[in-house]
file my_file.pdb (PDB, C-alpha atoms, pLDDT in the B column)
MODEL        1
ATOM      1  CA  MET A   1     118.200 109.528  37.962  1.00 52.00           C
ATOM      2  CA  ILE A   2     117.546 112.729  36.023  1.00 54.00           C
ATOM      3  CA  PRO A   3     117.987 112.476  32.249  1.00 54.00           C
ATOM      4  CA  ALA A   4     120.757 114.610  30.773  1.00 56.00           C
ATOM      5  CA  CYS A   5     119.605 118.096  29.822  1.00 52.00           C
ATOM      6  CA  LYS A   6     121.174 120.520  27.448  1.00 58.00           C
ATOM      7  CA  ASP A   7     120.325 123.335  29.780  1.00 55.00           C
ATOM      8  CA  GLU A   8     122.332 122.908  33.013  1.00 57.00           C
ATOM      9  CA  SER A   9     119.994 125.128  35.011  1.00 60.00           C
ATOM     10  CA  LYS A  10     116.977 122.920  34.172  1.00 56.00           C
ATOM     11  CA  ALA A  11     118.873 119.867  35.471  1.00 54.00           C
ATOM     12  CA  GLN A  12     119.723 121.701  38.678  1.00 57.00           C
ATOM     13  CA  ARG A  13     116.088 122.787  39.105  1.00 57.00           C
ATOM     14  CA  GLY A  14     114.969 119.186  38.598  1.00 55.00           C
ATOM     15  CA  MET A  15     117.409 118.032  41.256  1.00 56.00           C
ATOM     16  CA  ILE A  16     116.185 120.725  43.592  1.00 56.00           C
ATOM     17  CA  MET A  17     112.561 119.636  42.980  1.00 53.00           C
ATOM     18  CA  LEU A  18     113.501 116.014  43.639  1.00 54.00           C
ATOM     19  CA  THR A  19     115.281 116.956  46.877  1.00 55.00           C
ATOM     20  CA  ALA A  20     112.423 119.176  48.014  1.00 50.00           C
ATOM     21  CA  THR A  21     109.854 116.434  47.523  1.00 54.00           C
ATOM     22  CA  ALA A  22     112.030 113.806  49.194  1.00 58.00           C
ATOM     23  CA  ASN A  23     112.706 115.895  52.315  1.00 71.00           C
ATOM     24  CA  PRO A  24     109.118 115.982  53.651  1.00 72.00           C
ATOM     25  CA  LEU A  25     108.989 112.178  53.412  1.00 72.00           C
ATOM     26  CA  SER A  26     112.345 111.877  55.155  1.00 72.00           C
ATOM     27  CA  ARG A  27     111.252 114.281  57.861  1.00 74.00           C
ATOM     28  CA  THR A  28     108.007 112.378  58.356  1.00 77.00           C
ATOM     29  CA  LEU A  29     109.823 109.060  58.605  1.00 73.00           C
ATOM     30  CA  LEU A  30     112.349 110.545  61.005  1.00 71.00           C
ATOM     31  CA  ALA A  31     109.586 111.970  63.200  1.00 72.00           C
ATOM     32  CA  ALA A  32     107.705 108.675  63.160  1.00 73.00           C
ATOM     33  CA  GLY A  33     110.883 106.766  64.011  1.00 69.00           C
ATOM     34  CA  LEU A  34     111.699 109.073  66.909  1.00 74.00           C
ATOM     35  CA  ALA A  35     108.122 108.837  68.202  1.00 74.00           C
ATOM     36  CA  PHE A  36     108.325 105.052  68.071  1.00 73.00           C
ATOM     37  CA  VAL A  37     111.669 104.975  69.907  1.00 67.00           C
ATOM     38  CA  GLY A  38     110.310 107.364  72.540  1.00 68.00           C
ATOM     39  CA  THR A  39     107.233 105.217  73.069  1.00 70.00           C
ATOM     40  CA  VAL A  40     109.253 102.014  73.396  1.00 67.00           C
ATOM     41  CA  THR A  41     111.697 103.677  75.788  1.00 70.00           C
ATOM     42  CA  SER A  42     108.969 105.072  78.047  1.00 69.00           C
ATOM     43  CA  PHE A  43     107.162 101.716  78.059  1.00 68.00           C
ATOM     44  CA  ALA A  44     110.370  99.924  79.016  1.00 67.00           C
ATOM     45  CA  ALA A  45     111.008 102.400  81.831  1.00 63.00           C
ATOM     46  CA  THR A  46     107.460 101.968  83.130  1.00 63.00           C
ATOM     47  CA  THR A  47     107.507  98.183  83.103  1.00 58.00           C
ATOM     48  CA  SER A  48     110.927  97.928  84.708  1.00 52.00           C
ATOM     49  CA  THR A  49     109.745 100.225  87.519  1.00 53.00           C
ATOM     50  CA  ALA A  50     106.638  98.124  87.980  1.00 51.00           C
ATOM     51  CA  GLN A  51     108.670  94.937  88.096  1.00 50.00           C
ATOM     52  CA  ALA A  52     111.021  96.446  90.629  1.00 49.00           C
ATOM     53  CA  GLN A  53     108.103  97.411  92.847  1.00 51.00           C
ATOM     54  CA  THR A  54     106.562  93.942  92.735  1.00 53.00           C
ATOM     55  CA  ALA A  55     109.892  92.408  93.718  1.00 61.00           C
ATOM     56  CA  LYS A  56     109.857  94.115  97.164  1.00 92.00           C
ATOM     57  CA  VAL A  57     109.042  91.649  99.917  1.00 95.00           C
ATOM     58  CA  TYR A  58     108.997  91.337 103.673  1.00 95.00           C
ATOM     59  CA  THR A  59     110.519  88.227 105.197  1.00 96.00           C
ATOM     60  CA  ALA A  60     110.008  86.752 108.645  1.00 96.00           C
ATOM     61  CA  THR A  61     111.617  83.919 110.565  1.00 96.00           C
ATOM     62  CA  LEU A  62     109.197  82.194 112.915  1.00 96.00           C
ATOM     63  CA  ALA A  63     110.134  81.080 116.419  1.00 95.00           C
ATOM     64  CA  GLN A  64     108.269  77.777 115.816  1.00 95.00           C
ATOM     65  CA  PRO A  65     108.002  76.147 112.381  1.00 94.00           C
ATOM     66  CA  VAL A  66     104.639  75.666 110.733  1.00 93.00           C
ATOM     67  CA  ALA A  67     103.616  71.992 110.460  1.00 88.00           C
ATOM     68  CA  ASP A  68     102.805  72.175 106.747  1.00 91.00           C
ATOM     69  CA  PRO A  69     103.543  74.863 104.190  1.00 92.00           C
ATOM     70  CA  ALA A  70     100.998  77.572 104.955  1.00 92.00           C
ATOM     71  CA  ARG A  71      99.507  80.439 102.972  1.00 94.00           C
ATOM     72  CA  LYS A  72      97.405  83.172 104.548  1.00 94.00           C
ATOM     73  CA  VAL A  73      96.278  86.617 103.505  1.00 94.00           C
ATOM     74  CA  VAL A  74      97.826  89.130 105.879  1.00 93.00           C
ATOM     75  CA  ASN A  75      96.948  92.801 105.489  1.00 88.00           C
ATOM     76  CA  GLY A  76      95.583  92.143 101.993  1.00 91.00           C
ATOM     77  CA  VAL A  77      98.724  90.313 100.816  1.00 93.00           C
ATOM     78  CA  GLN A  78      99.293  86.573 100.540  1.00 95.00           C
ATOM     79  CA  TRP A  79     102.041  85.335 102.834  1.00 96.00           C
ATOM     80  CA  SER A  80     103.686  81.949 102.401  1.00 95.00           C
ATOM     81  CA  CYS A  81     105.473  80.043 105.141  1.00 95.00           C
ATOM     82  CA  THR A  82     107.523  76.876 104.915  1.00 95.00           C
ATOM     83  CA  GLY A  83     109.180  75.656 108.093  1.00 95.00           C
ATOM     84  CA  THR A  84     110.282  78.813 109.886  1.00 96.00           C
ATOM     85  CA  GLU A  85     110.649  81.021 106.779  1.00 97.00           C
ATOM     86  CA  CYS A  86     107.824  83.301 105.649  1.00 96.00           C
ATOM     87  CA  SER A  87     107.537  85.980 102.985  1.00 96.00           C
ATOM     88  CA  GLY A  88     104.977  88.354 101.534  1.00 95.00           C
ATOM     89  CA  ARG A  89     104.947  91.372  99.235  1.00 94.00           C
ATOM     90  CA  VAL A  90     105.255  94.862 100.695  1.00 93.00           C
ATOM     91  CA  ASP A  91     101.669  95.927 101.381  1.00 89.00           C
ATOM     92  CA  GLY A  92     102.008  99.688 101.855  1.00 88.00           C
ATOM     93  CA  ALA A  93     101.302  99.579 105.600  1.00 91.00           C
ATOM     94  CA  ALA A  94     103.896 100.513 108.189  1.00 93.00           C
ATOM     95  CA  PRO A  95     106.279  97.536 108.573  1.00 94.00           C
ATOM     96  CA  ILE A  96     105.558  97.250 112.326  1.00 94.00           C
ATOM     97  CA  ASN A  97     101.830  96.879 111.572  1.00 94.00           C
ATOM     98  CA  THR A  98     102.511  94.163 109.016  1.00 94.00           C
ATOM     99  CA  CYS A  99     104.816  92.393 111.452  1.00 95.00           C
ATOM    100  CA  THR A 100     102.164  92.357 114.208  1.00 95.00           C
ATOM    101  CA  ARG A 101      99.629  90.890 111.781  1.00 95.00           C
ATOM    102  CA  VAL A 102     102.119  88.216 110.681  1.00 95.00           C
ATOM    103  CA  VAL A 103     102.667  87.325 114.348  1.00 95.00           C
ATOM    104  CA  LYS A 104      98.891  87.030 114.874  1.00 94.00           C
ATOM    105  CA  ALA A 105      98.575  84.818 111.777  1.00 93.00           C
ATOM    106  CA  PHE A 106     101.631  82.548 112.129  1.00 94.00           C
ATOM    107  CA  GLY A 107     103.125  83.002 115.602  1.00 94.00           C
ATOM    108  CA  GLN A 108     106.071  84.861 117.119  1.00 95.00           C
ATOM    109  CA  VAL A 109     109.028  85.856 114.969  1.00 97.00           C
ATOM    110  CA  THR A 110     112.768  85.885 115.659  1.00 97.00           C
ATOM    111  CA  LYS A 111     113.510  88.036 112.617  1.00 97.00           C
ATOM    112  CA  PHE A 112     111.501  90.441 110.443  1.00 97.00           C
ATOM    113  CA  ALA A 113     113.114  92.118 107.450  1.00 96.00           C
ATOM    114  CA  THR A 114     111.933  94.832 105.099  1.00 94.00           C
ATOM    115  CA  PRO A 115     113.549  95.956 101.829  1.00 94.00           C
ATOM    116  CA  LYS A 116     115.304  98.604 103.959  1.00 92.00           C
ATOM    117  CA  GLY A 117     116.719  96.203 106.547  1.00 93.00           C
ATOM    118  CA  GLU A 118     115.958  94.011 109.554  1.00 95.00           C
ATOM    119  CA  PHE A 119     114.068  94.987 112.706  1.00 96.00           C
ATOM    120  CA  ASP A 120     116.174  95.588 115.789  1.00 95.00           C
ATOM    121  CA  ALA A 121     115.454  93.844 119.138  1.00 95.00           C
ATOM    122  CA  ASP A 122     113.081  96.612 120.341  1.00 95.00           C
ATOM    123  CA  LYS A 123     110.917  96.470 117.220  1.00 95.00           C
ATOM    124  CA  LEU A 124     110.846  92.665 117.336  1.00 96.00           C
ATOM    125  CA  ALA A 125     109.689  92.816 120.972  1.00 96.00           C
ATOM    126  CA  ARG A 126     106.885  95.264 120.041  1.00 95.00           C
ATOM    127  CA  CYS A 127     105.925  93.070 117.124  1.00 95.00           C
ATOM    128  CA  ASN A 128     105.820  89.873 119.192  1.00 95.00           C
ATOM    129  CA  ALA A 129     103.800  91.586 121.953  1.00 94.00           C
ATOM    130  CA  ALA A 130     100.830  91.472 119.568  1.00 78.00           C
ATOM    131  CA  ALA A 131     100.536  87.660 119.849  1.00 73.00           C
TER     132      ALA A 131
ENDMDL
END
call {"tool": "encode", "arguments": {"input": "my_file.pdb", "output": "structure tokens"}}
result
Amino acid sequence: MIPACKDESKAQRGMIMLTATANPLSRTLLAAGLAFVGTVTSFAATTSTAQAQTAKVYTATLAQPVADPARKVVNGVQWSCTGTECSGRVDGAAPINTCTRVVKAFGQVTKFATPKGEFDADKLARCNAAA
């Protein structure tokens, strides 16, 4: 608080000086706060995109069940099968190529699904022809 002055204009100048020196600090804190919020927001957007990408999987239903739960690397990605159900992360290859490699590794499939949908009968026939 500014002490009382007999001269009103000196008190006003003191207030102006106080305001002028406080503003650069406020601006700096505001800029730092905005930078921090921007960094946190961009990090959150990046990690949520990465998590969404890792959640994409192919699934396959085998014509014959595996005897024991099986894990094999197919096209650079680990696939897991239990009974007739198999799954593996999307590997970046064309889905038909991944399907043919799954058939070679585990046996013929009755269903193969990608994040965009299931194979139709023609694609399943092409996939199973690889075995």
call {"tool": "residues_around", "arguments": {"input": "my_file.pdb", "residues": "Phe112 of chain A", "least_positions_apart": "5", "cutoff": "10 Å", "atoms": "all atoms listed in the file", "output": "PyMOL selection string"}}
result
chain A and resi 58-62+86-87+95-96+98-99+102+117-120+123-124+127
call {"tool": "atom_distance", "arguments": {"input": "my_file.pdb", "atom1": "atom CA of Asn97 of chain A", "atom2": "atom CA of Pro65 of chain A"}}
result
21.6 Å
call {"tool": "closest_residue", "arguments": {"input": "my_file.pdb", "among": "A:Arg101, A:Asp91, A:Val57, A:Lys72", "to": "Pro115 of chain A", "atoms": "all atoms listed in the file"}}
result
A:Val57
call {"tool": "atom_distance", "arguments": {"input": "my_file.pdb", "atom1": "atom CA of Gly92 of chain A", "atom2": "atom CA of Asn128 of chain A"}}
result
20.3 Å
call {"tool": "atom_distance", "arguments": {"input": "my_file.pdb", "atom1": "atom CA of Lys116 of chain A", "atom2": "atom CA of Val73 of chain A"}}
result
22.5 Å
call {"tool": "residues_around", "arguments": {"input": "my_file.pdb", "residues": "Gly107 of chain A", "least_positions_apart": "3", "cutoff": "7 Å", "atoms": "all atoms listed in the file", "output": "MDAnalysis selection string"}}
result
chainID A and resid 62 103:104 131
call {"tool": "resolve_selection", "arguments": {"input": "my_file.pdb", "expression": "the PyMOL selection byres ((chain A and resi 83) around 8)", "output": "compact mmCIF listing (two decimals) with C-alpha atoms, in the coordinates of the input"}}
result
# COMPACT_ATOMS: atom_id res chain seq x y z
CA PRO A 65 108.00 76.15 112.38
CA VAL A 66 104.64 75.67 110.73
CA ALA A 67 103.62 71.99 110.46
CA ASP A 68 102.80 72.18 106.75
CA PRO A 69 103.54 74.86 104.19
CA CYS A 81 105.47 80.04 105.14
CA THR A 82 107.52 76.88 104.92
CA THR A 84 110.28 78.81 109.89
CA GLU A 85 110.65 81.02 106.78
call {"tool": "closest_residue", "arguments": {"input": "my_file.pdb", "among": "A:Thr100, A:Arg89, A:Ala105, A:Ala32", "to": "Ala70 of chain A", "atoms": "all atoms listed in the file"}}
result
A:Ala105
call {"tool": "resolve_selection", "arguments": {"input": "my_file.pdb", "expression": "the PyMOL selection byres ((chain A and resi 63) around 6)", "output": "list in words"}}
result
Leu62, Gln64, Gln108, Val109 and Thr110 of chain A
call {"tool": "closest_residue", "arguments": {"input": "my_file.pdb", "among": "A:Ala125, A:Ala35, A:Ala130, A:Val74", "to": "Gly88 of chain A", "atoms": "only C-alpha atoms"}}
result
A:Val74
call {"tool": "decode", "arguments": {"input": "my_file.pdb", "residues": "segment 72-106 of chain A", "atoms": "C-alpha atoms", "output": "tab-separated table (two decimals), in the first residue's frame"}}
result
chain	number	residue	atom	x	y	z
A	72	LYS	CA	3.91	-66.86	-32.79
A	73	VAL	CA	5.49	-63.89	-34.49
A	74	VAL	CA	3.65	-63.29	-37.75
A	75	ASN	CA	4.86	-60.53	-40.05
A	76	GLY	CA	6.90	-59.00	-37.22
A	77	VAL	CA	3.96	-58.94	-34.77
A	78	GLN	CA	3.19	-61.38	-31.98
A	79	TRP	CA	-0.07	-63.23	-32.50
A	80	SER	CA	-1.83	-65.10	-29.71
A	81	CYS	CA	-4.31	-67.92	-30.21
A	82	THR	CA	-6.49	-69.68	-27.68
A	83	GLY	CA	-8.88	-72.31	-28.98
A	84	THR	CA	-10.10	-70.95	-32.30
A	85	GLU	CA	-9.63	-67.23	-31.50
A	86	CYS	CA	-6.46	-65.40	-32.54
A	87	SER	CA	-5.41	-61.76	-32.45
A	88	GLY	CA	-2.43	-59.59	-33.28
A	89	ARG	CA	-1.68	-55.89	-33.66
A	90	VAL	CA	-2.03	-54.23	-37.06
A	91	ASP	CA	1.39	-54.62	-38.67
A	92	GLY	CA	1.23	-52.11	-41.53
A	93	ALA	CA	1.11	-54.77	-44.25
A	94	ALA	CA	-1.91	-55.26	-46.48
A	95	PRO	CA	-4.53	-57.21	-44.48
A	96	ILE	CA	-4.66	-60.01	-47.09
A	97	ASN	CA	-0.90	-60.53	-46.70
A	98	THR	CA	-1.21	-60.72	-42.93
A	99	CYS	CA	-4.11	-63.14	-43.25
A	100	THR	CA	-2.13	-65.49	-45.52
A	101	ARG	CA	0.75	-65.49	-43.03
A	102	VAL	CA	-1.63	-66.23	-40.15
A	103	VAL	CA	-3.02	-69.16	-42.15
A	104	LYS	CA	0.52	-70.48	-42.75
A	105	ALA	CA	1.33	-70.14	-39.03
A	106	PHE	CA	-1.89	-71.41	-37.41
